[in-house]
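Next comes data30.pdb, a file with PDB, C-alpha atoms, pLDDT in the B column.
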ATOM      1  CA  MET A   1      17.824  31.768   4.242  1.00 47.00           C
ATOM      2  CA  LEU A   2      18.446  29.492   1.311  1.00 53.00           C
ATOM      3  CA  THR A   3      21.345  30.365  -1.022  1.00 55.00           C
ATOM      4  CA  PRO A   4      21.226  34.126  -0.384  1.00 55.00           C
ATOM      5  CA  ARG A   5      23.860  34.720  -3.061  1.00 68.00           C
ATOM      6  CA  MET A   6      21.488  33.483  -5.778  1.00 72.00           C
ATOM      7  CA  ARG A   7      18.985  36.251  -4.943  1.00 76.00           C
ATOM      8  CA  SER A   8      18.972  39.724  -6.421  1.00 81.00           C
ATOM      9  CA  PRO A   9      19.611  42.592  -3.958  1.00 84.00           C
ATOM     10  CA  LEU A  10      15.995  43.741  -4.381  1.00 85.00           C
ATOM     11  CA  GLY A  11      14.704  40.196  -3.813  1.00 81.00           C
ATOM     12  CA  ARG A  12      16.792  39.933  -0.652  1.00 80.00           C
ATOM     13  CA  ALA A  13      15.551  43.287   0.639  1.00 85.00           C
ATOM     14  CA  ILE A  14      11.880  42.461   0.071  1.00 84.00           C
ATOM     15  CA  GLY A  15      12.436  38.964   1.461  1.00 80.00           C
ATOM     16  CA  LEU A  16       9.313  37.365   0.080  1.00 81.00           C
ATOM     17  CA  GLY A  17      11.045  34.259  -1.219  1.00 76.00           C
ATOM     18  CA  SER A  18       9.898  32.507  -4.353  1.00 74.00           C
ATOM     19  CA  ALA A  19       6.292  32.556  -5.507  1.00 73.00           C
ATOM     20  CA  LYS A  20       6.376  28.728  -5.302  1.00 73.00           C
ATOM     21  CA  GLU A  21       4.836  28.380  -8.734  1.00 71.00           C
ATOM     22  CA  GLY A  22       7.694  29.056 -11.101  1.00 74.00           C
ATOM     23  CA  VAL A  23       7.827  25.504 -12.399  1.00 87.00           C
ATOM     24  CA  ASP A  24       4.080  25.037 -12.938  1.00 90.00           C
ATOM     25  CA  HIS A  25       4.256  25.321 -16.723  1.00 93.00           C
ATOM     26  CA  TRP A  26       7.246  22.987 -17.022  1.00 93.00           C
ATOM     27  CA  TRP A  27       5.734  20.449 -14.643  1.00 94.00           C
ATOM     28  CA  ALA A  28       2.287  20.443 -16.297  1.00 96.00           C
ATOM     29  CA  GLN A  29       3.924  19.916 -19.692  1.00 96.00           C
ATOM     30  CA  ARG A  30       5.810  16.874 -18.356  1.00 96.00           C
ATOM     31  CA  LEU A  31       2.806  15.359 -16.567  1.00 97.00           C
ATOM     32  CA  THR A  32       0.604  15.660 -19.656  1.00 98.00           C
ATOM     33  CA  ALA A  33       3.463  14.273 -21.771  1.00 98.00           C
ATOM     34  CA  ILE A  34       3.720  11.177 -19.566  1.00 98.00           C
ATOM     35  CA  ALA A  35      -0.066  10.716 -19.612  1.00 98.00           C
ATOM     36  CA  LEU A  36      -0.087  11.051 -23.402  1.00 98.00           C
ATOM     37  CA  VAL A  37       2.410   8.219 -23.982  1.00 98.00           C
ATOM     38  CA  PRO A  38      -0.058   5.366 -23.218  1.00 98.00           C
ATOM     39  CA  LEU A  39      -3.108   7.398 -24.318  1.00 98.00           C
ATOM     40  CA  ALA A  40      -1.666   8.192 -27.764  1.00 97.00           C
ATOM     41  CA  LEU A  41      -0.531   4.598 -28.346  1.00 97.00           C
ATOM     42  CA  TRP A  42      -3.975   3.302 -27.289  1.00 97.00           C
ATOM     43  CA  PHE A  43      -5.642   5.819 -29.606  1.00 96.00           C
ATOM     44  CA  VAL A  44      -3.520   4.842 -32.610  1.00 95.00           C
ATOM     45  CA  VAL A  45      -4.380   1.175 -32.095  1.00 94.00           C
ATOM     46  CA  GLY A  46      -8.062   2.111 -31.774  1.00 93.00           C
ATOM     47  CA  VAL A  47      -8.023   4.197 -34.958  1.00 91.00           C
ATOM     48  CA  ILE A  48      -6.305   1.407 -36.893  1.00 91.00           C
ATOM     49  CA  ARG A  49      -8.915  -1.094 -35.746  1.00 89.00           C
ATOM     50  CA  LEU A  50     -11.660   1.335 -36.810  1.00 87.00           C
ATOM     51  CA  ALA A  51     -10.137   2.081 -40.243  1.00 80.00           C
ATOM     52  CA  GLY A  52     -12.998   2.365 -42.711  1.00 75.00           C
ATOM     53  CA  ALA A  53     -15.653   1.522 -40.099  1.00 82.00           C
ATOM     54  CA  ASP A  54     -19.091   3.065 -40.491  1.00 85.00           C
ATOM     55  CA  LEU A  55     -20.870   5.044 -37.792  1.00 89.00           C
ATOM     56  CA  PRO A  56     -22.613   2.235 -35.866  1.00 91.00           C
ATOM     57  CA  VAL A  57     -19.289   0.432 -35.320  1.00 91.00           C
ATOM     58  CA  PHE A  58     -17.631   3.664 -34.274  1.00 90.00           C
ATOM     59  CA  ALA A  59     -20.526   4.614 -31.966  1.00 91.00           C
ATOM     60  CA  ALA A  60     -20.520   1.157 -30.372  1.00 91.00           C
ATOM     61  CA  TRP A  61     -16.827   1.562 -29.591  1.00 91.00           C
ATOM     62  CA  ILE A  62     -17.300   5.004 -28.014  1.00 90.00           C
ATOM     63  CA  GLY A  63     -20.436   3.744 -26.257  1.00 87.00           C
ATOM     64  CA  HIS A  64     -18.364   1.622 -23.886  1.00 91.00           C
ATOM     65  CA  PRO A  65     -17.340   3.468 -20.719  1.00 92.00           C
ATOM     66  CA  LEU A  66     -13.624   2.647 -20.956  1.00 95.00           C
ATOM     67  CA  PRO A  67     -12.945   3.882 -24.517  1.00 95.00           C
ATOM     68  CA  ALA A  68     -15.159   6.924 -23.866  1.00 95.00           C
ATOM     69  CA  THR A  69     -13.213   7.780 -20.697  1.00 96.00           C
ATOM     70  CA  LEU A  70      -9.829   7.245 -22.339  1.00 97.00           C
ATOM     71  CA  LEU A  71     -10.875   9.375 -25.325  1.00 96.00           C
ATOM     72  CA  ILE A  72     -11.962  12.215 -23.019  1.00 97.00           C
ATOM     73  CA  LEU A  73      -8.670  11.946 -21.116  1.00 98.00           C
ATOM     74  CA  LEU A  74      -6.826  12.006 -24.439  1.00 97.00           C
ATOM     75  CA  ILE A  75      -8.694  15.153 -25.504  1.00 97.00           C
ATOM     76  CA  VAL A  76      -8.002  16.890 -22.176  1.00 97.00           C
ATOM     77  CA  ALA A  77      -4.304  15.928 -22.058  1.00 98.00           C
ATOM     78  CA  THR A  78      -3.772  16.739 -25.753  1.00 97.00           C
ATOM     79  CA  SER A  79      -5.375  20.170 -25.654  1.00 97.00           C
ATOM     80  CA  TYR A  80      -3.623  21.085 -22.384  1.00 98.00           C
ATOM     81  CA  HIS A  81      -0.233  19.836 -23.614  1.00 98.00           C
ATOM     82  CA  GLY A  82      -0.758  21.500 -26.999  1.00 97.00           C
ATOM     83  CA  ALA A  83      -1.780  24.821 -25.433  1.00 97.00           C
ATOM     84  CA  LEU A  84       1.340  24.804 -23.225  1.00 97.00           C
ATOM     85  CA  GLY A  85       3.558  24.009 -26.211  1.00 97.00           C
ATOM     86  CA  LEU A  86       2.027  26.574 -28.566  1.00 97.00           C
ATOM     87  CA  GLN A  87       2.266  29.169 -25.777  1.00 97.00           C
ATOM     88  CA  VAL A  88       6.042  28.727 -25.676  1.00 96.00           C
ATOM     89  CA  VAL A  89       6.286  28.874 -29.475  1.00 97.00           C
ATOM     90  CA  ILE A  90       4.280  32.131 -29.536  1.00 97.00           C
ATOM     91  CA  GLU A  91       6.341  33.626 -26.695  1.00 95.00           C
ATOM     92  CA  ASP A  92       9.565  32.692 -28.492  1.00 94.00           C
ATOM     93  CA  TYR A  93       8.824  33.848 -32.017  1.00 94.00           C
ATOM     94  CA  VAL A  94       6.238  36.660 -31.920  1.00 95.00           C
ATOM     95  CA  GLY A  95       8.075  39.889 -31.167  1.00 92.00           C
ATOM     96  CA  ASN A  96       5.195  42.346 -31.497  1.00 95.00           C
ATOM     97  CA  ASP A  97       3.640  42.837 -28.046  1.00 96.00           C
ATOM     98  CA  ALA A  98       0.034  43.346 -29.154  1.00 97.00           C
ATOM     99  CA  LEU A  99       0.111  40.424 -31.586  1.00 97.00           C
ATOM    100  CA  ARG A 100       1.765  38.129 -29.046  1.00 97.00           C
ATOM    101  CA  PHE A 101      -0.806  39.027 -26.376  1.00 97.00           C
ATOM    102  CA  THR A 102      -3.657  38.402 -28.838  1.00 98.00           C
ATOM    103  CA  LEU A 103      -2.248  35.079 -30.045  1.00 98.00           C
ATOM    104  CA  LEU A 104      -1.656  33.870 -26.483  1.00 97.00           C
ATOM    105  CA  ILE A 105      -5.307  34.513 -25.620  1.00 98.00           C
ATOM    106  CA  ILE A 106      -6.562  32.931 -28.864  1.00 98.00           C
ATOM    107  CA  ASN A 107      -4.379  29.891 -28.142  1.00 97.00           C
ATOM    108  CA  LYS A 108      -5.887  29.444 -24.667  1.00 97.00           C
ATOM    109  CA  LEU A 109      -9.485  29.989 -25.748  1.00 98.00           C
ATOM    110  CA  ALA A 110      -9.226  27.857 -28.893  1.00 97.00           C
ATOM    111  CA  SER A 111      -7.764  24.919 -26.971  1.00 97.00           C
ATOM    112  CA  ILE A 112     -10.607  25.128 -24.434  1.00 98.00           C
ATOM    113  CA  VAL A 113     -13.250  25.345 -27.187  1.00 98.00           C
ATOM    114  CA  LEU A 114     -11.720  22.346 -29.009  1.00 97.00           C
ATOM    115  CA  ALA A 115     -11.584  20.283 -25.828  1.00 98.00           C
ATOM    116  CA  VAL A 116     -15.195  21.057 -24.861  1.00 98.00           C
ATOM    117  CA  LEU A 117     -16.402  20.333 -28.416  1.00 97.00           C
ATOM    118  CA  GLY A 118     -14.594  16.999 -28.449  1.00 97.00           C
ATOM    119  CA  ILE A 119     -15.814  15.986 -24.989  1.00 97.00           C
ATOM    120  CA  PHE A 120     -19.391  16.984 -25.764  1.00 97.00           C
ATOM    121  CA  ALA A 121     -19.295  14.940 -28.981  1.00 96.00           C
ATOM    122  CA  ILE A 122     -17.978  11.869 -27.132  1.00 96.00           C
ATOM    123  CA  VAL A 123     -20.622  12.187 -24.395  1.00 95.00           C
ATOM    124  CA  LYS A 124     -23.390  12.650 -26.963  1.00 95.00           C
ATOM    125  CA  ILE A 125     -22.336   9.578 -28.982  1.00 93.00           C
ATOM    126  CA  SER A 126     -21.994   7.565 -25.764  1.00 92.00           C
ATOM    127  CA  PHE A 127     -25.504   8.390 -24.581  1.00 90.00           C
ATOM    128  CA  THR A 128     -27.437   8.450 -27.843  1.00 86.00           C
ATOM    129  CA  GLY A 129     -25.461   6.013 -30.034  1.00 67.00           C
TER
ATOM    130  CA  MET Q 130      21.839  46.372 -36.735  1.00 50.00           C
ATOM    131  CA  SER Q 131      22.290  47.801 -33.279  1.00 53.00           C
ATOM    132  CA  PRO Q 132      22.772  51.585 -33.391  1.00 62.00           C
ATOM    133  CA  ALA Q 133      26.048  51.440 -31.450  1.00 70.00           C
ATOM    134  CA  GLY Q 134      27.498  49.020 -33.983  1.00 76.00           C
ATOM    135  CA  ARG Q 135      27.967  46.356 -31.337  1.00 78.00           C
ATOM    136  CA  PRO Q 136      28.523  42.827 -32.634  1.00 77.00           C
ATOM    137  CA  LEU Q 137      25.424  40.641 -32.864  1.00 76.00           C
ATOM    138  CA  SER Q 138      25.389  36.964 -32.023  1.00 75.00           C
ATOM    139  CA  PRO Q 139      25.578  34.764 -35.141  1.00 73.00           C
ATOM    140  CA  HIS Q 140      22.190  33.841 -36.499  1.00 74.00           C
ATOM    141  CA  LEU Q 141      20.833  30.408 -37.391  1.00 71.00           C
ATOM    142  CA  GLN Q 142      21.999  30.239 -41.009  1.00 75.00           C
ATOM    143  CA  VAL Q 143      25.719  30.317 -40.184  1.00 79.00           C
ATOM    144  CA  TYR Q 144      25.557  27.038 -38.306  1.00 79.00           C
ATOM    145  CA  ARG Q 145      26.140  23.687 -39.990  1.00 84.00           C
ATOM    146  CA  TRP Q 146      23.111  21.401 -39.965  1.00 87.00           C
ATOM    147  CA  GLN Q 147      23.445  18.552 -37.502  1.00 91.00           C
ATOM    148  CA  LEU Q 148      21.217  15.787 -36.181  1.00 94.00           C
ATOM    149  CA  THR Q 149      20.737  17.393 -32.776  1.00 93.00           C
ATOM    150  CA  SER Q 150      19.564  20.785 -34.028  1.00 92.00           C
ATOM    151  CA  VAL Q 151      17.386  19.314 -36.770  1.00 94.00           C
ATOM    152  CA  MET Q 152      15.682  17.033 -34.243  1.00 96.00           C
ATOM    153  CA  SER Q 153      15.122  19.905 -31.855  1.00 95.00           C
ATOM    154  CA  ILE Q 154      13.501  21.979 -34.598  1.00 95.00           C
ATOM    155  CA  LEU Q 155      11.433  18.973 -35.726  1.00 97.00           C
ATOM    156  CA  HIS Q 156      10.148  18.475 -32.188  1.00 97.00           C
ATOM    157  CA  ARG Q 157       8.630  21.955 -32.277  1.00 97.00           C
ATOM    158  CA  ALA Q 158       7.409  21.633 -35.854  1.00 97.00           C
ATOM    159  CA  THR Q 159       5.683  18.308 -35.175  1.00 98.00           C
ATOM    160  CA  GLY Q 160       4.224  19.744 -31.969  1.00 97.00           C
ATOM    161  CA  ILE Q 161       2.655  22.598 -33.924  1.00 97.00           C
ATOM    162  CA  ALA Q 162       1.435  20.180 -36.614  1.00 97.00           C
ATOM    163  CA  LEU Q 163      -0.133  17.888 -34.014  1.00 97.00           C
ATOM    164  CA  SER Q 164      -1.914  20.841 -32.393  1.00 96.00           C
ATOM    165  CA  VAL Q 165      -3.453  21.651 -35.772  1.00 95.00           C
ATOM    166  CA  GLY Q 166      -4.166  17.937 -36.244  1.00 94.00           C
ATOM    167  CA  THR Q 167      -6.259  18.013 -33.073  1.00 95.00           C
ATOM    168  CA  ILE Q 168      -8.780  20.089 -35.043  1.00 94.00           C
ATOM    169  CA  LEU Q 169      -9.118  17.125 -37.429  1.00 92.00           C
ATOM    170  CA  LEU Q 170      -9.663  14.747 -34.498  1.00 93.00           C
ATOM    171  CA  VAL Q 171     -12.356  16.958 -32.981  1.00 96.00           C
ATOM    172  CA  TRP Q 172     -14.000  17.417 -36.399  1.00 95.00           C
ATOM    173  CA  TRP Q 173     -14.149  13.617 -36.720  1.00 93.00           C
ATOM    174  CA  LEU Q 174     -15.784  13.272 -33.283  1.00 95.00           C
ATOM    175  CA  VAL Q 175     -18.251  16.114 -33.839  1.00 96.00           C
ATOM    176  CA  ALA Q 176     -19.224  14.712 -37.252  1.00 95.00           C
ATOM    177  CA  ALA Q 177     -19.904  11.345 -35.635  1.00 94.00           C
ATOM    178  CA  ALA Q 178     -22.055  13.079 -33.013  1.00 94.00           C
ATOM    179  CA  VAL Q 179     -24.032  14.990 -35.651  1.00 94.00           C
ATOM    180  CA  GLY Q 180     -25.075  11.925 -37.659  1.00 91.00           C
ATOM    181  CA  PRO Q 181     -24.345   9.315 -40.339  1.00 92.00           C
ATOM    182  CA  LYS Q 182     -24.306  11.838 -43.210  1.00 94.00           C
ATOM    183  CA  SER Q 183     -21.645  14.129 -41.771  1.00 94.00           C
ATOM    184  CA  TYR Q 184     -19.655  11.120 -40.516  1.00 93.00           C
ATOM    185  CA  ALA Q 185     -19.682   9.636 -44.028  1.00 92.00           C
ATOM    186  CA  ARG Q 186     -18.371  12.966 -45.343  1.00 94.00           C
ATOM    187  CA  VAL Q 187     -15.411  12.882 -42.927  1.00 93.00           C
ATOM    188  CA  GLN Q 188     -14.720   9.239 -43.770  1.00 90.00           C
ATOM    189  CA  ALA Q 189     -14.777  10.070 -47.479  1.00 92.00           C
ATOM    190  CA  PHE Q 190     -12.356  12.966 -46.907  1.00 93.00           C
ATOM    191  CA  LEU Q 191      -9.996  10.830 -44.815  1.00 90.00           C
ATOM    192  CA  GLY Q 192     -10.118   8.109 -47.480  1.00 89.00           C
ATOM    193  CA  SER Q 193      -9.242  10.562 -50.276  1.00 93.00           C
ATOM    194  CA  TRP Q 194      -5.668  11.250 -51.355  1.00 95.00           C
ATOM    195  CA  ILE Q 195      -5.472  14.494 -49.398  1.00 95.00           C
ATOM    196  CA  GLY Q 196      -6.917  12.745 -46.346  1.00 94.00           C
ATOM    197  CA  ILE Q 197      -4.453   9.867 -46.542  1.00 93.00           C
ATOM    198  CA  ILE Q 198      -1.514  12.247 -46.950  1.00 95.00           C
ATOM    199  CA  LEU Q 199      -2.753  14.228 -43.933  1.00 95.00           C
ATOM    200  CA  LEU Q 200      -3.211  11.044 -41.891  1.00 94.00           C
ATOM    201  CA  PHE Q 201       0.227   9.798 -42.899  1.00 96.00           C
ATOM    202  CA  GLY Q 202       1.797  13.123 -41.932  1.00 96.00           C
ATOM    203  CA  TRP Q 203      -0.159  13.118 -38.677  1.00 96.00           C
ATOM    204  CA  SER Q 204       1.021   9.600 -37.772  1.00 96.00           C
ATOM    205  CA  LEU Q 205       4.631  10.431 -38.671  1.00 97.00           C
ATOM    206  CA  ALA Q 206       4.495  13.624 -36.586  1.00 98.00           C
ATOM    207  CA  LEU Q 207       2.838  11.794 -33.683  1.00 98.00           C
ATOM    208  CA  PHE Q 208       5.371   8.962 -33.569  1.00 98.00           C
ATOM    209  CA  TYR Q 209       8.287  11.383 -33.905  1.00 98.00           C
ATOM    210  CA  HIS Q 210       6.993  13.691 -31.165  1.00 98.00           C
ATOM    211  CA  LEU Q 211       6.236  10.659 -28.984  1.00 98.00           C
ATOM    212  CA  CYS Q 212       9.683   9.051 -29.377  1.00 98.00           C
ATOM    213  CA  ASN Q 213      11.580  12.323 -29.099  1.00 98.00           C
ATOM    214  CA  GLY Q 214       9.354  13.327 -26.172  1.00 97.00           C
ATOM    215  CA  LEU Q 215      10.519  10.198 -24.336  1.00 97.00           C
ATOM    216  CA  ARG Q 216      14.088  11.277 -25.104  1.00 97.00           C
ATOM    217  CA  HIS Q 217      13.323  14.682 -23.558  1.00 97.00           C
ATOM    218  CA  LEU Q 218      11.761  13.051 -20.483  1.00 97.00           C
ATOM    219  CA  TRP Q 219      14.912  10.974 -20.089  1.00 96.00           C
ATOM    220  CA  TRP Q 220      17.011  14.158 -20.246  1.00 96.00           C
ATOM    221  CA  ASP Q 221      14.711  15.687 -17.617  1.00 95.00           C
ATOM    222  CA  THR Q 222      16.001  13.099 -15.149  1.00 95.00           C
ATOM    223  CA  GLY Q 223      19.453  14.616 -15.667  1.00 94.00           C
ATOM    224  CA  ARG Q 224      20.819  11.673 -17.640  1.00 94.00           C
ATOM    225  CA  GLY Q 225      22.030  11.041 -21.178  1.00 92.00           C
ATOM    226  CA  PHE Q 226      23.784  14.347 -21.878  1.00 93.00           C
ATOM    227  CA  GLU Q 227      27.112  12.920 -23.096  1.00 95.00           C
ATOM    228  CA  LEU Q 228      27.481  13.765 -26.784  1.00 94.00           C
ATOM    229  CA  ARG Q 229      27.741  10.067 -27.685  1.00 95.00           C
ATOM    230  CA  HIS Q 230      24.452   9.317 -25.903  1.00 95.00           C
ATOM    231  CA  VAL Q 231      22.694  12.340 -27.364  1.00 95.00           C
ATOM    232  CA  TYR Q 232      23.475  11.052 -30.862  1.00 96.00           C
ATOM    233  CA  ALA Q 233      22.664   7.425 -30.047  1.00 96.00           C
ATOM    234  CA  GLY Q 234      19.297   8.498 -28.614  1.00 96.00           C
ATOM    235  CA  GLY Q 235      18.691  10.712 -31.622  1.00 96.00           C
ATOM    236  CA  TRP Q 236      19.207   7.894 -34.108  1.00 97.00           C
ATOM    237  CA  ALA Q 237      17.094   5.583 -31.926  1.00 97.00           C
ATOM    238  CA  VAL Q 238      14.252   8.119 -32.191  1.00 97.00           C
ATOM    239  CA  VAL Q 239      14.623   8.258 -35.989  1.00 98.00           C
ATOM    240  CA  ALA Q 240      14.557   4.453 -36.193  1.00 98.00           C
ATOM    241  CA  GLY Q 241      11.632   4.195 -33.766  1.00 98.00           C
ATOM    242  CA  THR Q 242       9.614   6.775 -35.699  1.00 98.00           C
ATOM    243  CA  ILE Q 243      10.116   4.964 -39.013  1.00 98.00           C
ATOM    244  CA  ALA Q 244       9.401   1.546 -37.481  1.00 98.00           C
ATOM    245  CA  LEU Q 245       6.213   2.634 -35.660  1.00 97.00           C
ATOM    246  CA  THR Q 246       4.888   4.481 -38.714  1.00 97.00           C
ATOM    247  CA  ALA Q 247       5.600   1.465 -40.936  1.00 97.00           C
ATOM    248  CA  ILE Q 248       3.913  -0.936 -38.500  1.00 96.00           C
ATOM    249  CA  ALA Q 249       0.861   1.307 -38.066  1.00 95.00           C
ATOM    250  CA  TRP Q 250       0.343   1.699 -41.815  1.00 95.00           C
ATOM    251  CA  GLY Q 251       1.152  -1.917 -42.577  1.00 94.00           C
ATOM    252  CA  VAL Q 252      -1.451  -3.159 -40.103  1.00 92.00           C
ATOM    253  CA  GLY Q 253      -3.894  -0.341 -40.938  1.00 89.00           C
ATOM    254  CA  LEU Q 254      -3.840  -0.885 -44.697  1.00 87.00           C
ATOM    255  CA  SER Q 255      -4.147  -4.669 -44.433  1.00 87.00           C
ATOM    256  CA  GLN Q 256      -7.071  -4.145 -42.040  1.00 80.00           C
ATOM    257  CA  TRP Q 257      -8.698  -1.674 -44.400  1.00 73.00           C
ATOM    258  CA  SER Q 258      -8.439  -3.840 -47.509  1.00 73.00           C
ATOM    259  CA  SER Q 259      -9.708  -6.976 -45.766  1.00 65.00           C
TER
END
Go through the file and emit its structure as structure tokens.
Amino acid sequence: MLTPRMRSPLGRAIGLGSAKEGVDHWWAQRLTAIALVPLALWFVVGVIRLAGADLPVFAAWIGHPLPATLLILLIVATSYHGALGLQVVIEDYVGNDALRFTLLIINKLASIVLAVLGIFAIVKISFTG
Amino acid sequence: MSPAGRPLSPHLQVYRWQLTSVMSILHRATGIALSVGTILLVWWLVAAAVGPKSYARVQAFLGSWIGIILLFGWSLALFYHLCNGLRHLWWDTGRGFELRHVYAGGWAVVAGTIALTAIAWGVGLSQWSS
């Protein structure tokens, strides 16, 4: 058995080992962070180039497959990364159990709603101009 | 106060402000701000999907003083969170924990944030006015 002294007596007695998913949150936060480095820089450049542009210019940009795909990836990575981050903030600072539970659920649902809204908007502009 | 009168650990306000703690707090604060800023991004996209009228309304808002202040704050928060996030990723590899390096990296993040924000707005404003 691996490092038996690190285990609690109860953990050793039950002998199930780790759940193998303890680092999921940490790992997902890092992966989305790495993905967001190029995506965010690309987005900033795109926004600067579009500064003051009217709708047809904007729609033409989103109409291309590559910007549309990158924008969708940006939305997915941002909302996932943001939901993970806000989750930790809520867990750290909200002491009241009921309020914390409620906020954690709102955080998850709101990030999903925002992501779907954003993706739908991108797809609609891409297909209809 | 604990009922048994046991000593409590010192709270935040007794500590002297220092670069490391301020940057750590700012990383969270900018993260929260950017999450809220995502609403603005999605609003922009949805308005563009709805039609020219609603898109023009968003453009007018973003071009107003409040909009520009929001955009400036958003860009500052983004560049800070980005630069400091890279610093965190570097730490995640188990490197850079000597006090000297922690401070050097911290000041590099401050400089990078200011430089990137200045470049973005310099290019953006010259683009806009042309």
| said: Give me, as an MDAnalysis selection string, all polymer residues having an atom no more than 10 Å from Q:Gly241, counting all atoms listed in the file and skipping those fewer than 5 positions away in the same chain. | reply: chainID Q and resid 208:209 211:213 235:236 246:247
| message | Which residues would end up in the selection if the ChimeraX specification (/Q :<10) & /A were applied here, given that I need the answer as a PyMOL selection string? | response | chain A and resi 30+33-34+36-37+40-41+44-45+47-56+58-59+62+75+78-79+81-83+85-86+88-89+110-111+114-126+128-129
Limited to C-alpha atoms, could you put the picked residues into a file as a PDB file, keeping the file's coordinate frame?
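That gives us again-v2.pdb:
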ATOM      1  CA  ARG A  30       5.810  16.874 -18.356  1.00 96.00           C
ATOM      2  CA  ALA A  33       3.463  14.273 -21.771  1.00 98.00           C
ATOM      3  CA  ILE A  34       3.720  11.177 -19.566  1.00 98.00           C
ATOM      4  CA  LEU A  36      -0.087  11.051 -23.402  1.00 98.00           C
ATOM      5  CA  VAL A  37       2.410   8.219 -23.982  1.00 98.00           C
ATOM      6  CA  ALA A  40      -1.666   8.192 -27.764  1.00 97.00           C
ATOM      7  CA  LEU A  41      -0.531   4.598 -28.346  1.00 97.00           C
ATOM      8  CA  VAL A  44      -3.520   4.842 -32.610  1.00 95.00           C
ATOM      9  CA  VAL A  45      -4.380   1.175 -32.095  1.00 94.00           C
ATOM     10  CA  VAL A  47      -8.023   4.197 -34.958  1.00 91.00           C
ATOM     11  CA  ILE A  48      -6.305   1.407 -36.893  1.00 91.00           C
ATOM     12  CA  ARG A  49      -8.915  -1.094 -35.746  1.00 89.00           C
ATOM     13  CA  LEU A  50     -11.660   1.335 -36.810  1.00 87.00           C
ATOM     14  CA  ALA A  51     -10.137   2.081 -40.243  1.00 80.00           C
ATOM     15  CA  GLY A  52     -12.998   2.365 -42.711  1.00 75.00           C
ATOM     16  CA  ALA A  53     -15.653   1.522 -40.099  1.00 82.00           C
ATOM     17  CA  ASP A  54     -19.091   3.065 -40.491  1.00 85.00           C
ATOM     18  CA  LEU A  55     -20.870   5.044 -37.792  1.00 89.00           C
ATOM     19  CA  PRO A  56     -22.613   2.235 -35.866  1.00 91.00           C
ATOM     20  CA  PHE A  58     -17.631   3.664 -34.274  1.00 90.00           C
ATOM     21  CA  ALA A  59     -20.526   4.614 -31.966  1.00 91.00           C
ATOM     22  CA  ILE A  62     -17.300   5.004 -28.014  1.00 90.00           C
ATOM     23  CA  ILE A  75      -8.694  15.153 -25.504  1.00 97.00           C
ATOM     24  CA  THR A  78      -3.772  16.739 -25.753  1.00 97.00           C
ATOM     25  CA  SER A  79      -5.375  20.170 -25.654  1.00 97.00           C
ATOM     26  CA  HIS A  81      -0.233  19.836 -23.614  1.00 98.00           C
ATOM     27  CA  GLY A  82      -0.758  21.500 -26.999  1.00 97.00           C
ATOM     28  CA  ALA A  83      -1.780  24.821 -25.433  1.00 97.00           C
ATOM     29  CA  GLY A  85       3.558  24.009 -26.211  1.00 97.00           C
ATOM     30  CA  LEU A  86       2.027  26.574 -28.566  1.00 97.00           C
ATOM     31  CA  VAL A  88       6.042  28.727 -25.676  1.00 96.00           C
ATOM     32  CA  VAL A  89       6.286  28.874 -29.475  1.00 97.00           C
ATOM     33  CA  ALA A 110      -9.226  27.857 -28.893  1.00 97.00           C
ATOM     34  CA  SER A 111      -7.764  24.919 -26.971  1.00 97.00           C
ATOM     35  CA  LEU A 114     -11.720  22.346 -29.009  1.00 97.00           C
ATOM     36  CA  ALA A 115     -11.584  20.283 -25.828  1.00 98.00           C
ATOM     37  CA  VAL A 116     -15.195  21.057 -24.861  1.00 98.00           C
ATOM     38  CA  LEU A 117     -16.402  20.333 -28.416  1.00 97.00           C
ATOM     39  CA  GLY A 118     -14.594  16.999 -28.449  1.00 97.00           C
ATOM     40  CA  ILE A 119     -15.814  15.986 -24.989  1.00 97.00           C
ATOM     41  CA  PHE A 120     -19.391  16.984 -25.764  1.00 97.00           C
ATOM     42  CA  ALA A 121     -19.295  14.940 -28.981  1.00 96.00           C
ATOM     43  CA  ILE A 122     -17.978  11.869 -27.132  1.00 96.00           C
ATOM     44  CA  VAL A 123     -20.622  12.187 -24.395  1.00 95.00           C
ATOM     45  CA  LYS A 124     -23.390  12.650 -26.963  1.00 95.00           C
ATOM     46  CA  ILE A 125     -22.336   9.578 -28.982  1.00 93.00           C
ATOM     47  CA  SER A 126     -21.994   7.565 -25.764  1.00 92.00           C
ATOM     48  CA  THR A 128     -27.437   8.450 -27.843  1.00 86.00           C
ATOM     49  CA  GLY A 129     -25.461   6.013 -30.034  1.00 67.00           C
TER      50      GLY A 129
END
Any chance you could resolve the PyMOL selection byres ((chain Q and resi 148) around 12) against this file and give the residues as a compact mmCIF listing (two decimals) with C-alpha atoms, in the coordinates of the input?
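File result-v6.txt, as written:
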# COMPACT_ATOMS: atom_id res chain seq x y z
CA ARG Q 145 26.14 23.69 -39.99
CA TRP Q 146 23.11 21.40 -39.97
CA GLN Q 147 23.44 18.55 -37.50
CA THR Q 149 20.74 17.39 -32.78
CA SER Q 150 19.56 20.78 -34.03
CA VAL Q 151 17.39 19.31 -36.77
CA MET Q 152 15.68 17.03 -34.24
CA SER Q 153 15.12 19.90 -31.86
CA ILE Q 154 13.50 21.98 -34.60
CA LEU Q 155 11.43 18.97 -35.73
CA LEU Q 228 27.48 13.76 -26.78
CA VAL Q 231 22.69 12.34 -27.36
CA TYR Q 232 23.48 11.05 -30.86
CA ALA Q 233 22.66 7.42 -30.05
CA GLY Q 234 19.30 8.50 -28.61
CA GLY Q 235 18.69 10.71 -31.62
CA TRP Q 236 19.21 7.89 -34.11
CA ALA Q 237 17.09 5.58 -31.93
CA VAL Q 238 14.25 8.12 -32.19
CA VAL Q 239 14.62 8.26 -35.99
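Atom pair atom CA of Q:Thr242 / atom CA of Q:Leu205 has a distance of 6.9 Å (rounded to one decimal).
In terms of minimum interatomic distance to Q:Thr159, Q:Ala206 ranks closest within Q:Val143, Q:Ala206, Q:Leu245, Q:Val187, counting only C-alpha atoms.
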